[in-house]
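Trainee: If it helps, the file is called protein-v8.cif and holds mmCIF, C-alpha atoms:
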data_upload
#
loop_
_atom_site.label_atom_id
_atom_site.label_comp_id
_atom_site.auth_asym_id
_atom_site.auth_seq_id
_atom_site.Cartn_x
_atom_site.Cartn_y
_atom_site.Cartn_z
CA MET A 50 -22.73 -50.36 -28.37
CA ALA A 51 -26.04 -48.93 -29.59
CA ARG A 52 -26.54 -47.06 -26.31
CA VAL A 53 -23.11 -45.56 -26.55
CA ALA A 54 -23.74 -44.58 -30.17
CA ASN A 55 -26.94 -42.77 -29.16
CA LEU A 56 -25.41 -40.89 -26.29
CA PRO A 57 -23.09 -38.37 -27.94
CA GLY A 58 -25.98 -36.22 -29.21
CA LEU A 59 -27.67 -36.21 -25.81
CA GLY A 60 -24.36 -35.74 -24.05
CA LYS A 61 -23.67 -32.54 -25.95
CA TRP A 62 -26.92 -30.94 -24.81
CA PHE A 63 -26.45 -32.24 -21.31
CA ARG A 64 -22.92 -30.89 -21.09
CA LEU A 65 -24.05 -27.50 -22.41
CA ALA A 66 -26.82 -27.38 -19.84
CA VAL A 67 -24.44 -28.28 -17.05
CA CYS A 68 -21.98 -25.61 -18.16
CA LEU A 69 -24.67 -22.94 -18.35
CA GLY A 70 -25.93 -23.98 -14.98
CA ALA A 71 -22.47 -23.81 -13.50
CA VAL A 72 -21.85 -20.39 -15.00
CA ALA A 73 -25.17 -19.14 -13.65
CA PHE A 74 -24.41 -20.63 -10.26
CA MET A 75 -21.02 -18.98 -10.10
CA ALA A 76 -22.36 -15.68 -11.36
CA ILE A 77 -24.98 -15.29 -8.64
CA PRO A 78 -22.66 -14.84 -5.67
CA SER A 79 -20.20 -12.68 -7.62
CA MET A 80 -22.99 -10.37 -8.74
CA GLN A 81 -24.09 -10.04 -5.17
CA ALA A 82 -20.49 -9.27 -4.20
CA VAL A 83 -20.19 -6.53 -6.83
CA ALA A 84 -23.42 -4.99 -5.63
CA GLY A 85 -22.26 -5.15 -2.00
CA VAL A 86 -18.75 -3.64 -2.34
CA ASP A 87 -18.28 0.09 -2.03
CA LEU A 88 -15.96 1.04 -4.82
CA PRO A 89 -13.83 4.03 -3.89
CA LYS A 90 -15.48 7.29 -4.84
CA LEU A 91 -12.77 9.57 -6.08
CA GLU A 92 -13.05 13.29 -6.25
CA HIS A 93 -12.23 14.67 -9.68
CA GLY A 94 -8.84 16.37 -9.69
CA LYS A 95 -8.20 19.90 -10.86
CA GLY A 96 -8.01 20.45 -14.59
CA ASP A 97 -9.53 18.47 -17.45
CA LYS A 98 -7.38 15.41 -17.52
CA CYS A 99 -4.49 13.62 -15.91
CA VAL A 100 -0.92 13.84 -17.27
CA ASP A 101 -1.48 10.52 -19.07
CA GLU A 102 -4.32 8.09 -19.86
CA GLU A 103 -6.12 7.35 -16.60
CA ASP A 104 -5.93 3.57 -17.02
CA TYR A 105 -2.22 3.80 -17.63
CA ILE A 106 -1.67 6.00 -14.58
CA ARG A 107 -3.90 3.79 -12.43
CA ARG A 108 -1.84 0.74 -13.25
CA ASN A 109 1.63 2.26 -13.51
CA HIS A 110 1.74 5.17 -11.07
CA PRO A 111 3.97 3.31 -8.55
CA ASP A 112 6.63 2.70 -11.19
CA LEU A 113 6.31 6.18 -12.66
CA LEU A 114 6.68 7.80 -9.26
CA LYS A 115 9.57 5.56 -8.28
CA HIS A 116 11.40 6.31 -11.50
CA HIS A 117 10.79 10.01 -11.12
CA ARG A 118 11.92 10.12 -7.51
CA ASP A 119 15.26 8.49 -8.37
CA ASP A 120 15.80 10.81 -11.33
CA THR A 121 14.99 13.87 -9.27
CA LEU A 122 16.90 13.05 -6.13
CA ARG A 123 19.94 11.36 -7.57
CA LYS A 124 20.31 13.07 -10.94
CA GLY A 125 18.69 16.42 -10.25
CA ILE A 126 16.16 16.10 -13.07
CA ARG A 127 13.24 18.30 -12.11
CA THR A 128 10.59 17.60 -14.71
CA THR A 129 7.10 17.86 -13.28
CA LYS A 130 5.05 15.42 -15.37
CA TYR A 131 5.28 12.48 -12.96
CA SER A 132 6.17 14.46 -9.86
CA LEU A 133 4.43 13.47 -6.64
CA ARG A 134 4.14 17.12 -5.70
CA LYS A 135 2.16 17.79 -8.89
CA CYS A 136 -0.13 14.82 -8.11
CA VAL A 137 -0.85 16.39 -4.74
CA GLU A 138 -1.48 19.82 -6.26
CA CYS A 139 -4.26 18.46 -8.49
CA HIS A 140 -5.74 15.77 -6.29
CA ALA A 141 -5.87 17.36 -2.83
CA GLY A 142 -9.42 16.88 -1.54
CA SER A 143 -11.75 19.86 -1.36
CA LYS A 144 -12.74 19.10 2.25
CA THR A 145 -9.37 18.37 3.81
CA GLY A 146 -7.06 20.05 1.30
CA SER A 147 -5.00 16.87 1.44
CA VAL A 148 -4.55 13.63 -0.50
CA ALA A 149 -4.25 11.44 2.59
CA SER A 150 -5.89 13.00 5.65
CA SER A 151 -9.24 11.21 5.56
CA LYS A 152 -10.60 7.99 4.06
CA GLU A 153 -12.26 9.95 1.27
CA ASP A 154 -9.04 11.61 0.17
CA PHE A 155 -7.68 10.63 -3.23
CA CYS A 156 -4.77 8.34 -2.33
CA VAL A 157 -6.25 6.75 0.77
CA ALA A 158 -9.61 5.99 -0.85
CA CYS A 159 -8.10 3.59 -3.38
CA HIS A 160 -5.29 2.29 -1.24
CA SER A 161 -7.54 1.31 1.64
CA TYR A 162 -9.87 -0.40 -0.87
CA ALA A 163 -6.92 -2.31 -2.38
CA GLY A 164 -5.35 -2.96 1.02
CA VAL A 165 -1.98 -1.55 -0.05
CA LYS A 166 -0.08 0.32 2.63
CA LEU A 167 1.34 3.70 1.70
CA ASP A 168 4.40 5.20 3.32
CA CYS A 169 4.91 8.13 0.95
CA TRP A 170 3.21 10.42 3.42
CA ASP A 171 5.54 9.65 6.30
CA CYS A 172 7.92 12.10 4.64
CA HIS A 173 6.11 13.85 1.80
CA ALA A 174 3.63 16.66 2.37
CA THR A 175 0.04 15.61 1.75
CA LYS A 176 -1.06 19.18 1.06
CA PRO A 177 0.04 21.41 -1.81
CA GLY A 178 1.28 24.23 0.42
CA LYS A 179 3.31 27.22 -0.59
CA ARG A 180 6.97 27.90 -0.56
CA PRO A 181 7.96 29.13 2.88
CA VAL A 182 8.74 32.83 3.00
CA ASN A 183 11.67 33.81 5.10
CA GLN A 184 10.84 36.99 7.00
CA THR A 185 14.39 38.29 7.17
CA ALA A 186 15.44 37.68 3.58
CA GLN A 187 14.35 39.60 0.53
CA PRO A 188 13.37 37.15 -2.22
CA SER A 189 14.77 39.19 -5.10
CA LEU A 190 18.36 39.30 -3.85
CA SER A 191 21.15 38.44 -6.29
CA PRO A 192 19.95 35.31 -8.05
CA LEU A 193 22.61 32.67 -8.54
CA MET A 194 21.95 32.37 -12.23
CA PRO A 195 20.73 35.57 -13.77
CA SER A 196 18.79 34.08 -16.65
CA HIS A 197 15.41 32.34 -16.41
CA GLY A 198 16.02 30.90 -12.96
CA GLY A 199 13.16 30.74 -10.48
CA SER A 200 10.48 30.51 -13.13
CA GLN A 201 9.61 26.87 -12.52
CA MET B 813 13.41 7.92 -68.32
CA SER B 814 13.68 11.71 -68.15
CA ASP B 815 10.44 11.78 -66.17
CA SER B 816 11.88 9.51 -63.57
CA MET B 817 15.09 11.59 -63.50
CA ASN B 818 13.06 14.72 -62.90
CA THR B 819 11.14 13.08 -60.12
CA LYS B 820 14.37 11.93 -58.54
CA GLN B 821 15.83 15.41 -58.77
CA GLU B 822 12.73 16.90 -57.22
CA ASP B 823 12.92 14.34 -54.46
CA ARG B 824 16.50 15.29 -53.91
CA ARG B 825 15.58 18.98 -53.79
CA GLU B 826 12.84 18.31 -51.26
CA PHE B 827 15.25 16.27 -49.22
CA LEU B 828 17.83 19.04 -49.21
CA LYS B 829 15.19 21.61 -48.30
CA ALA B 830 14.00 19.48 -45.43
CA GLY B 831 17.61 18.98 -44.34
CA ALA B 832 18.22 22.70 -44.34
CA LEU B 833 15.07 23.23 -42.31
CA VAL B 834 16.13 20.67 -39.73
CA ALA B 835 19.59 22.26 -39.55
CA GLY B 836 17.97 25.64 -38.95
CA VAL B 837 15.77 24.32 -36.16
CA THR B 838 18.71 22.60 -34.53
CA LEU B 839 20.78 25.74 -34.72
CA GLY B 840 17.99 27.71 -33.04
CA PRO B 841 17.96 25.80 -29.76
CA GLY B 842 21.78 25.54 -29.96
CA VAL B 843 22.02 29.30 -29.85
CA LEU B 844 19.44 29.40 -27.10
CA PHE B 845 21.37 26.83 -25.07
CA TYR B 846 24.46 28.95 -25.32
CA GLY B 847 22.49 31.91 -24.00
CA VAL B 848 21.21 30.09 -20.92
CA ALA B 849 24.27 27.94 -20.38
CA HIS B 850 24.36 28.69 -16.67
CA SER B 851 20.76 27.83 -15.93
CA ARG B 852 19.64 24.25 -16.30
CA ALA B 853 16.43 23.16 -17.96
CA PRO B 854 14.27 20.96 -15.69
CA GLU B 855 14.91 17.84 -17.78
CA GLU B 856 18.65 18.41 -17.63
CA GLY B 857 20.28 16.68 -14.69
CA ALA B 858 22.98 17.91 -12.35
CA SER B 859 26.28 17.96 -14.18
CA SER B 860 29.82 17.23 -13.06
CA ASN B 861 30.86 20.33 -15.00
CA GLN B 862 29.74 22.20 -11.92
CA ARG B 863 30.64 21.87 -8.30
CA TRP B 864 28.68 23.86 -5.80
CA GLY B 865 30.62 25.35 -2.96
CA MET B 866 30.76 28.15 -0.47
CA LEU B 867 33.20 30.55 1.08
CA ILE B 868 32.39 31.78 4.58
CA ASP B 869 34.17 34.89 5.81
CA THR B 870 34.16 34.52 9.58
CA THR B 871 35.31 38.10 10.06
CA LYS B 872 32.03 39.31 8.54
CA CYS B 873 29.86 36.79 10.38
CA GLY B 874 27.89 38.69 13.00
CA ASP B 875 28.44 37.73 16.62
CA GLY B 876 25.06 36.67 17.98
CA CYS B 877 23.43 36.82 14.53
CA ASN B 878 21.41 33.70 13.85
CA ASP B 879 19.71 34.64 10.61
CA CYS B 880 21.24 31.86 8.52
CA VAL B 881 19.99 29.27 10.99
CA THR B 882 16.49 30.76 11.10
CA ALA B 883 16.32 30.96 7.31
CA CYS B 884 17.41 27.31 7.02
CA ASN B 885 14.77 26.24 9.53
CA THR B 886 12.03 28.11 7.66
CA GLU B 887 13.08 26.86 4.23
CA ASN B 888 13.44 23.24 5.25
CA GLY B 889 10.66 23.00 7.81
CA LEU B 890 12.88 22.36 10.85
CA SER B 891 11.52 23.04 14.33
CA GLY B 892 14.43 25.27 15.33
CA HIS B 893 14.82 23.47 18.65
CA THR B 894 18.36 22.55 19.61
CA GLY B 895 17.84 19.56 21.89
CA PRO B 896 19.86 16.36 21.47
CA GLN B 897 17.10 14.80 19.35
CA ASP B 898 16.29 17.83 17.21
CA SER B 899 17.48 18.27 13.66
CA GLN B 900 19.98 21.02 13.05
CA TRP B 901 21.19 21.45 9.49
CA ILE B 902 23.26 24.55 10.24
CA ARG B 903 24.60 25.71 13.60
CA LYS B 904 26.34 28.81 14.80
CA VAL B 905 29.58 27.82 16.50
CA ASP B 906 31.64 30.10 18.71
CA ILE B 907 35.33 29.32 18.84
CA LYS B 908 37.65 30.88 21.38
CA ASP B 909 41.40 31.13 21.35
CA LEU B 910 42.14 30.07 24.93
CA ARG B 911 45.47 31.91 25.03
CA THR B 912 44.21 35.27 23.85
CA GLY B 913 40.50 35.02 24.59
CA TYR B 914 39.63 36.01 21.00
CA VAL B 915 36.17 34.71 20.13
CA GLN B 916 34.94 34.02 16.61
CA SER B 917 31.51 33.02 15.45
CA LEU B 918 30.86 30.94 12.34
CA PRO B 919 28.16 28.82 10.76
CA MET B 920 28.88 25.10 10.52
CA MET B 921 26.97 22.66 8.35
CA CYS B 922 27.53 19.82 5.90
CA GLN B 923 30.80 20.69 4.17
CA HIS B 924 29.81 18.82 0.97
CA CYS B 925 33.14 17.00 0.76
CA GLU B 926 34.54 15.74 -2.51
CA ASN B 927 35.39 12.50 -0.69
CA PRO B 928 32.57 12.30 1.85
CA PRO B 929 33.09 9.83 4.73
CA CYS B 930 29.30 9.59 5.14
CA VAL B 931 29.01 8.17 1.62
CA ASP B 932 31.90 5.76 2.24
CA VAL B 933 30.28 4.15 5.26
CA CYS B 934 26.64 4.03 4.15
CA PRO B 935 25.61 0.36 3.89
CA THR B 936 22.65 0.97 1.55
CA GLY B 937 23.91 3.67 -0.80
CA ALA B 938 21.40 6.14 0.64
CA SER B 939 24.13 8.61 1.50
CA MET B 940 25.20 9.92 -1.87
CA LYS B 941 26.95 12.70 -3.72
CA ARG B 942 25.25 14.25 -6.69
CA ALA B 943 27.21 14.91 -9.89
CA ASP B 944 27.48 18.59 -8.98
CA GLY B 945 29.03 17.81 -5.59
CA ILE B 946 25.97 18.22 -3.35
CA VAL B 947 25.94 15.49 -0.69
CA LEU B 948 22.44 14.19 0.03
CA VAL B 949 20.59 11.42 1.83
CA ASP B 950 18.18 9.36 -0.26
CA ARG B 951 15.51 8.76 2.34
CA HIS B 952 13.94 6.10 0.16
CA SER B 953 16.83 3.80 0.95
CA CYS B 954 18.04 5.19 4.30
CA ILE B 955 17.55 2.59 7.02
CA GLY B 956 18.46 4.94 9.86
CA CYS B 957 21.59 3.10 11.00
CA ARG B 958 23.38 6.40 11.63
CA TYR B 959 26.82 5.19 10.58
CA CYS B 960 27.12 8.38 8.52
CA MET B 961 26.50 10.49 11.62
CA MET B 962 29.39 8.77 13.33
CA ALA B 963 31.62 9.09 10.27
CA CYS B 964 31.03 12.81 9.72
CA PRO B 965 33.85 14.84 11.29
CA TYR B 966 31.69 17.98 11.27
CA LYS B 967 28.73 16.64 13.26
CA ALA B 968 26.63 17.86 10.37
CA ARG B 969 23.97 15.17 10.29
CA SER B 970 20.83 14.70 12.36
CA PHE B 971 18.47 11.82 12.85
CA VAL B 972 14.70 12.28 12.89
CA HIS B 973 13.39 10.56 16.01
CA GLU B 974 9.71 11.44 15.97
CA PRO B 975 6.99 11.31 13.28
CA LEU B 976 6.65 14.59 11.41
CA THR B 977 3.68 16.33 9.84
CA ASP B 978 3.20 19.40 7.64
CA GLN B 979 6.52 19.16 5.88
CA ASN B 980 7.48 21.68 3.26
CA PRO B 981 6.26 20.15 -0.05
CA GLU B 982 9.71 20.66 -1.56
CA VAL B 983 11.59 19.20 1.40
CA PRO B 984 10.27 15.75 2.35
CA ARG B 985 11.49 14.66 5.80
CA GLY B 986 10.45 11.81 8.01
CA LYS B 987 11.03 9.67 11.03
CA GLY B 988 13.79 7.08 10.90
CA CYS B 989 16.04 8.84 8.42
CA VAL B 990 19.26 10.79 8.68
CA GLU B 991 19.33 14.25 7.15
CA SER B 992 21.62 17.23 6.74
CA CYS B 993 22.18 20.45 4.84
CA THR B 994 21.36 20.03 1.14
CA PHE B 995 22.70 23.44 0.05
CA CYS B 996 18.93 24.01 -0.41
CA VAL B 997 19.11 21.80 -3.50
CA GLN B 998 15.52 22.65 -4.45
CA ARG B 999 16.49 26.32 -4.70
CA VAL B 1000 19.85 25.71 -6.36
CA ASP B 1001 18.12 23.66 -9.08
CA ARG B 1002 15.89 26.67 -9.73
CA GLY B 1003 18.93 28.91 -9.99
CA GLU B 1004 18.58 30.53 -6.58
CA GLN B 1005 20.93 30.89 -3.63
CA PRO B 1006 20.62 28.68 -0.55
CA ALA B 1007 18.36 30.19 2.12
CA CYS B 1008 21.22 30.84 4.57
CA VAL B 1009 23.21 32.83 2.00
CA GLU B 1010 20.16 34.85 1.05
CA ALA B 1011 19.48 35.65 4.71
CA CYS B 1012 23.10 36.63 5.34
CA ASP B 1013 23.05 38.97 2.36
CA ALA B 1014 19.71 40.42 3.47
CA LYS B 1015 21.18 41.15 6.87
CA GLY B 1016 24.01 43.01 5.15
CA HIS B 1017 26.79 40.80 6.49
CA LYS B 1018 27.52 39.12 3.17
CA ALA B 1019 29.69 36.61 4.99
CA MET B 1020 28.66 33.70 2.76
CA ILE B 1021 29.39 33.41 -0.95
CA PHE B 1022 27.82 30.51 -2.79
CA GLY B 1023 28.53 29.41 -6.33
CA ASP B 1024 30.16 27.10 -8.82
CA LEU B 1025 33.73 26.23 -7.85
CA LYS B 1026 34.45 24.96 -11.36
CA ASP B 1027 33.44 28.20 -13.04
CA PRO B 1028 36.48 30.50 -12.86
CA GLU B 1029 34.21 33.50 -13.45
CA SER B 1030 31.88 32.81 -10.52
CA GLU B 1031 31.99 35.14 -7.54
CA VAL B 1032 33.02 32.36 -5.19
CA SER B 1033 35.88 31.20 -7.44
CA LYS B 1034 37.21 34.73 -7.74
CA ALA B 1035 36.98 35.24 -3.97
CA LEU B 1036 38.73 31.93 -3.31
CA LYS B 1037 41.50 32.85 -5.73
CA SER B 1038 42.14 36.20 -4.14
CA THR B 1039 41.90 35.34 -0.44
CA ASP B 1040 43.43 32.86 1.95
CA SER B 1041 40.85 30.25 2.90
CA VAL B 1042 41.03 26.98 4.77
CA GLU B 1043 39.10 23.76 5.08
CA VAL B 1044 38.06 22.72 8.56
CA ARG B 1045 39.96 19.52 9.36
CA ALA B 1046 42.08 19.85 6.24
CA ASP B 1047 44.19 17.00 7.64
CA LEU B 1048 41.45 14.57 6.60
CA ALA B 1049 41.93 15.51 2.93
CA LEU B 1050 38.21 15.51 2.20
CA ASN B 1051 38.37 18.53 -0.13
CA THR B 1052 35.34 20.24 1.36
CA GLY B 1053 32.98 22.33 -0.75
CA VAL B 1054 32.64 24.80 2.12
CA ARG B 1055 35.74 26.80 2.96
CA TYR B 1056 36.36 29.36 5.68
CA GLN B 1057 38.24 32.59 5.66
CA GLY B 1058 39.64 34.27 8.78
CA ILE B 1059 39.99 31.28 11.09
#
Could you render the structure as structure tokens?
Mentor:
Amino acid sequence: MARVANLPGLGKWFRLAVCLGAVAFMAIPSMQAVAGVDLPKLEHGKGDKCVDEEDYIRRNHPDLLKHHRDDTLRKGIRTTKYSLRKCVECHAGSKTGSVASSKEDFCVACHSYAGVKLDCWDCHATKPGKRPVNQTAQPSLSPLMPSHGGSQ
Amino acid sequence: MSDSMNTKQEDRREFLKAGALVAGVTLGPGVLFYGVAHSRAPEEGASSNQRWGMLIDTTKCGDGCNDCVTACNTENGLSGHTGPQDSQWIRKVDIKDLRTGYVQSLPMMCQHCENPPCVDVCPTGASMKRADGIVLVDRHSCIGCRYCMMACPYKARSFVHEPLTDQNPEVPRGKGCVESCTFCVQRVDRGEQPACVEACDAKGHKAMIFGDLKDPESEVSKALKSTDSVEVRADLALNTGVRYQGI
């Protein structure tokens, strides 16, 4: 009984030591891992800041883009805040002019790091590009809606 | 007591003032909205108060002229090839009366039916009609089964067989999906004419009139009211958005 009564004090210190040791033991390999992994180096997009807080965009951009695509295609809502085309316009790489041509480009850099496959670019243009100009047609011919059309 | 009454009255005055201010602000945009009633703001969706449609005068359509097709290809990033596996959103069709030998030339594309068979048969809901009557394919849910191509009486739809690159940023297209004329929806939403109509006007033929079928004051509605026009395959009762004159 006396031995047991003496132990709790010792046990506390022992347990603390074991815990600290375990934490230190676990921390060593993870620190090495952090030092060894190449985090994606992203080129800064055009302009001062993104359309929303960066952390929010980083976490929620799939949902934002998905919501926007349905609104645009099915309902004809053409706001530009969460438009994929606007993402491309700001984030196209300076070397390739694209968001997904090389491993350094904005989208691919993160997605290859995270191992998440992207199929946006099977259909969507990866470069900002300009509106095609038809050689035969004059652009200023009779607009469908006389007021403020074509300004977006 | 009187102090508190005064305060209350002042509060009431402030409230009324604020109310009047709000009313004024609301009236401002209201007036503005009336002014630009025909042109949608970007955040405003397509509305069923409109229905986009077209009248094609085949007598004005130039024999051998292909400008509408070229303009469509440029606008939508199509190759312009006419092989069995190439996308064609608009085609020039020559029809010949076998008894008399009279030949007519006309453009044929998605007729943007009110009751589209392509939408009826689509198993995923990818084939869809927008509120303003434009029939589209949602490539995000198209599985490439091509039922819609079989259902379409106008042979208006194409399937993309090969991977594509360098698409027009406004017109995403890709392998494994069905596609067809969109009335150049990206232009229409900006308040412009479809590329084919613009090209036809630029050529001086003016064989195509595009506009809102539900607006009695639109050019296309007036033209439809004053001339005899037909649907192609009217027997199917699809109520097409594209109508032809002179066939």
Trainee: Counting all atoms listed in the file, give me one row per residue of chain B with an atom at most 6 Å from an atom of chain A, showing the shortest contact pair and its distance in Å to one decimal, sorted by chain then residue number, as a Markdown table.
Mentor:
| residue | atom | partner | partner_atom | distance |
| --- | --- | --- | --- | --- |
| B:Ser851 | CA | A:Met194 | CA | 6.0 |
| B:Pro854 | CA | A:Arg127 | CA | 4.6 |
| B:Glu855 | CA | A:Ile126 | CA | 5.2 |
| B:Glu856 | CA | A:Ile126 | CA | 5.7 |
| B:Gly857 | CA | A:Ile126 | CA | 4.5 |
| B:Ala858 | CA | A:Gly125 | CA | 5.0 |
| B:Ala883 | CA | A:Asn183 | CA | 5.9 |
| B:Glu887 | CA | A:Pro181 | CA | 5.8 |
| B:Asp978 | CA | A:Ala174 | CA | 6.0 |
| B:Gln979 | CA | A:Ala174 | CA | 5.2 |
| B:Pro981 | CA | A:Ala174 | CA | 5.0 |
| B:Pro984 | CA | A:His173 | CA | 4.6 |
| B:Arg985 | CA | A:Cys172 | CA | 4.5 |
| B:Gly986 | CA | A:Cys172 | CA | 4.2 |
| B:Arg1002 | CA | A:Gly199 | CA | 5.0 |
| B:Gly1003 | CA | A:Gly198 | CA | 4.6 |
| B:Glu1004 | CA | A:Leu193 | CA | 5.0 |
| B:Gln1005 | CA | A:Leu193 | CA | 5.5 |
| B:Ala1011 | CA | A:Ala186 | CA | 4.7 |
| B:Ala1014 | CA | A:Ala186 | CA | 5.1 |
Trainee: Write to file, as a short mmCIF file (atom, residue, chain, number, x, y, z; two decimals), keeping the file's coordinate frame, the residues of the selection just made, with C-alpha atoms.
Mentor:
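The resulting file, selection-v2.cif, is shown below:
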data_model
loop_
_atom_site.label_atom_id
_atom_site.label_comp_id
_atom_site.auth_asym_id
_atom_site.auth_seq_id
_atom_site.Cartn_x
_atom_site.Cartn_y
_atom_site.Cartn_z
CA SER B 851 20.76 27.83 -15.93
CA PRO B 854 14.27 20.96 -15.69
CA GLU B 855 14.91 17.84 -17.78
CA GLU B 856 18.65 18.41 -17.63
CA GLY B 857 20.28 16.68 -14.69
CA ALA B 858 22.98 17.91 -12.35
CA ALA B 883 16.32 30.96 7.31
CA GLU B 887 13.08 26.86 4.23
CA ASP B 978 3.20 19.40 7.64
CA GLN B 979 6.52 19.16 5.88
CA PRO B 981 6.26 20.15 -0.05
CA PRO B 984 10.27 15.75 2.35
CA ARG B 985 11.49 14.66 5.80
CA GLY B 986 10.45 11.81 8.01
CA ARG B 1002 15.89 26.67 -9.73
CA GLY B 1003 18.93 28.91 -9.99
CA GLU B 1004 18.58 30.53 -6.58
CA GLN B 1005 20.93 30.89 -3.63
CA ALA B 1011 19.48 35.65 4.71
CA ALA B 1014 19.71 40.42 3.47
#
Trainee: Just how far from atom CA of Asp112 of chain A is atom CA of Gly142 of chain A, in Å to one decimal?
Mentor: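 Result for atom CA of Gly142 of chain A versus atom CA of Asp112 of chain A: 23.5 Å, one decimal.
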Trainee: Do you have the atom CA of Gly892 of chain B-atom CA of Asn878 of chain B distance handy?
Mentor: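 So the answer is 11.0 Å.
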Trainee: Find the residue from B:Cys1008, B:Cys930, B:Met920, B:Cys989 that sits nearest to His952 of chain B; use only C-alpha atoms when measuring.
Mentor: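 Smallest separation from His952 of chain B among the options: B:Cys989.
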Trainee: Using all atoms listed in the file for the distances, tell me which of B:Cys922, B:Val990, B:Val933, B:Ala968 is nearest to Ile955 of chain B.
Mentor: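 Using all atoms listed in the file, Ile955 of chain B sits closest to B:Val990.
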Trainee: When you draw a straight line from atom CA of Ser143 of chain A to atom CA of Arg107 of chain A, how long is it in Å?
Mentor: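 Taking atom CA of Ser143 of chain A as the start and atom CA of Arg107 of chain A as the end point, the length is 21.0 Å.
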Trainee: Could you list the residues chosen by the PyMOL selection byres ((chain B and resi 973) around 9) in this structure as a compact mmCIF listing (two decimals) with C-alpha atoms, keeping the file's coordinate frame?
Mentor:
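Final output, saved to result_2.txt:
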# COMPACT_ATOMS: atom_id res chain seq x y z
CA GLN B 897 17.10 14.80 19.35
CA ASP B 898 16.29 17.83 17.21
CA PHE B 971 18.47 11.82 12.85
CA VAL B 972 14.70 12.28 12.89
CA GLU B 974 9.71 11.44 15.97
CA PRO B 975 6.99 11.31 13.28
CA GLY B 986 10.45 11.81 8.01
CA LYS B 987 11.03 9.67 11.03
CA GLY B 988 13.79 7.08 10.90
CA CYS B 989 16.04 8.84 8.42
Trainee: Hey, what comes out of the PyMOL selection byres ((chain B and resi 916) around 12) on this file? Could you write it as an MDAnalysis selection string?
Mentor: chainID B and resid 869:876 904:910 912:915 917:919 1056:1059
Trainee: Take the residues just selected and output them with C-alpha atoms as a compact mmCIF listing (two decimals), keeping the file's coordinate frame.
Mentor:
# COMPACT_ATOMS: atom_id res chain seq x y z
CA ASP B 869 34.17 34.89 5.81
CA THR B 870 34.16 34.52 9.58
CA THR B 871 35.31 38.10 10.06
CA LYS B 872 32.03 39.31 8.54
CA CYS B 873 29.86 36.79 10.38
CA GLY B 874 27.89 38.69 13.00
CA ASP B 875 28.44 37.73 16.62
CA GLY B 876 25.06 36.67 17.98
CA LYS B 904 26.34 28.81 14.80
CA VAL B 905 29.58 27.82 16.50
CA ASP B 906 31.64 30.10 18.71
CA ILE B 907 35.33 29.32 18.84
CA LYS B 908 37.65 30.88 21.38
CA ASP B 909 41.40 31.13 21.35
CA LEU B 910 42.14 30.07 24.93
CA THR B 912 44.21 35.27 23.85
CA GLY B 913 40.50 35.02 24.59
CA TYR B 914 39.63 36.01 21.00
CA VAL B 915 36.17 34.71 20.13
CA SER B 917 31.51 33.02 15.45
CA LEU B 918 30.86 30.94 12.34
CA PRO B 919 28.16 28.82 10.76
CA TYR B 1056 36.36 29.36 5.68
CA GLN B 1057 38.24 32.59 5.66
CA GLY B 1058 39.64 34.27 8.78
CA ILE B 1059 39.99 31.28 11.09
Trainee: I need the residue nearest Lys95 of chain A from this list: A:Ala158, A:Leu65, A:Cys139, A:Leu114. Use all atoms listed in the file for the distance.
Mentor: A:Cys139
Trainee: Show which residues sit within 8 Å of segment 938-941 of chain B, as a list in words. Count only C-alpha atoms, and ignore same-chain residues fewer than 5 positions away.
Mentor: Arg123 of chain A; Pro928, Cys930, Val931, Ile946, Val947, Leu948, Val949, Asp950, Arg951, His952, Ser953, Cys954 and Cys960 of chain B
Trainee: Might I get the box with edges along x, y and z of the file that holds all atoms of segment 92-109 of chain A listed there, padded by 4 Å on every side, given as centre and edge lengths in Å to one decimal, as lines of an AutoDock Vina configuration file?
Mentor:
center_x = -5.7
center_y = 10.6
center_z = -13.1
size_x = 22.7
size_y = 27.7
size_z = 21.6
Trainee: Which residues come within 12 Å of Lys90 of chain A, counting all atoms listed in the file, excluding same-chain residues fewer than 6 positions away, as a PDB file with C-alpha atoms, keeping the file's coordinate frame?
Mentor:
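Just written: selection-v9.pdb:
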ATOM      1  CA  GLY A 142      -9.420  16.880  -1.540  1.00  0.00           C
ATOM      2  CA  LYS A 152     -10.600   7.990   4.060  1.00  0.00           C
ATOM      3  CA  GLU A 153     -12.260   9.950   1.270  1.00  0.00           C
ATOM      4  CA  ASP A 154      -9.040  11.610   0.170  1.00  0.00           C
ATOM      5  CA  PHE A 155      -7.680  10.630  -3.230  1.00  0.00           C
ATOM      6  CA  CYS A 156      -4.770   8.340  -2.330  1.00  0.00           C
ATOM      7  CA  VAL A 157      -6.250   6.750   0.770  1.00  0.00           C
ATOM      8  CA  ALA A 158      -9.610   5.990  -0.850  1.00  0.00           C
ATOM      9  CA  CYS A 159      -8.100   3.590  -3.380  1.00  0.00           C
ATOM     10  CA  HIS A 160      -5.290   2.290  -1.240  1.00  0.00           C
ATOM     11  CA  SER A 161      -7.540   1.310   1.640  1.00  0.00           C
ATOM     12  CA  TYR A 162      -9.870  -0.400  -0.870  1.00  0.00           C
TER      13      TYR A 162
END
Trainee: Taking the file above as input, evaluate the PyMOL selection byres ((chain B and resi 945) around 12) and report the hits as a PyMOL selection string.
Mentor: (chain A and resi 123-125) or (chain B and resi 858-866+922-928+940-944+946-948+994-995+997+1023-1026+1051-1054)
Trainee: Could you name the residues that touch Gln900 of chain B at 10 Å or less, counting all atoms listed in the file, but leaving out those on the same chain fewer than 5 positions away, as a PyMOL selection string?
Mentor: chain B and resi 881+884-885+890-895+921+967-971+991-993
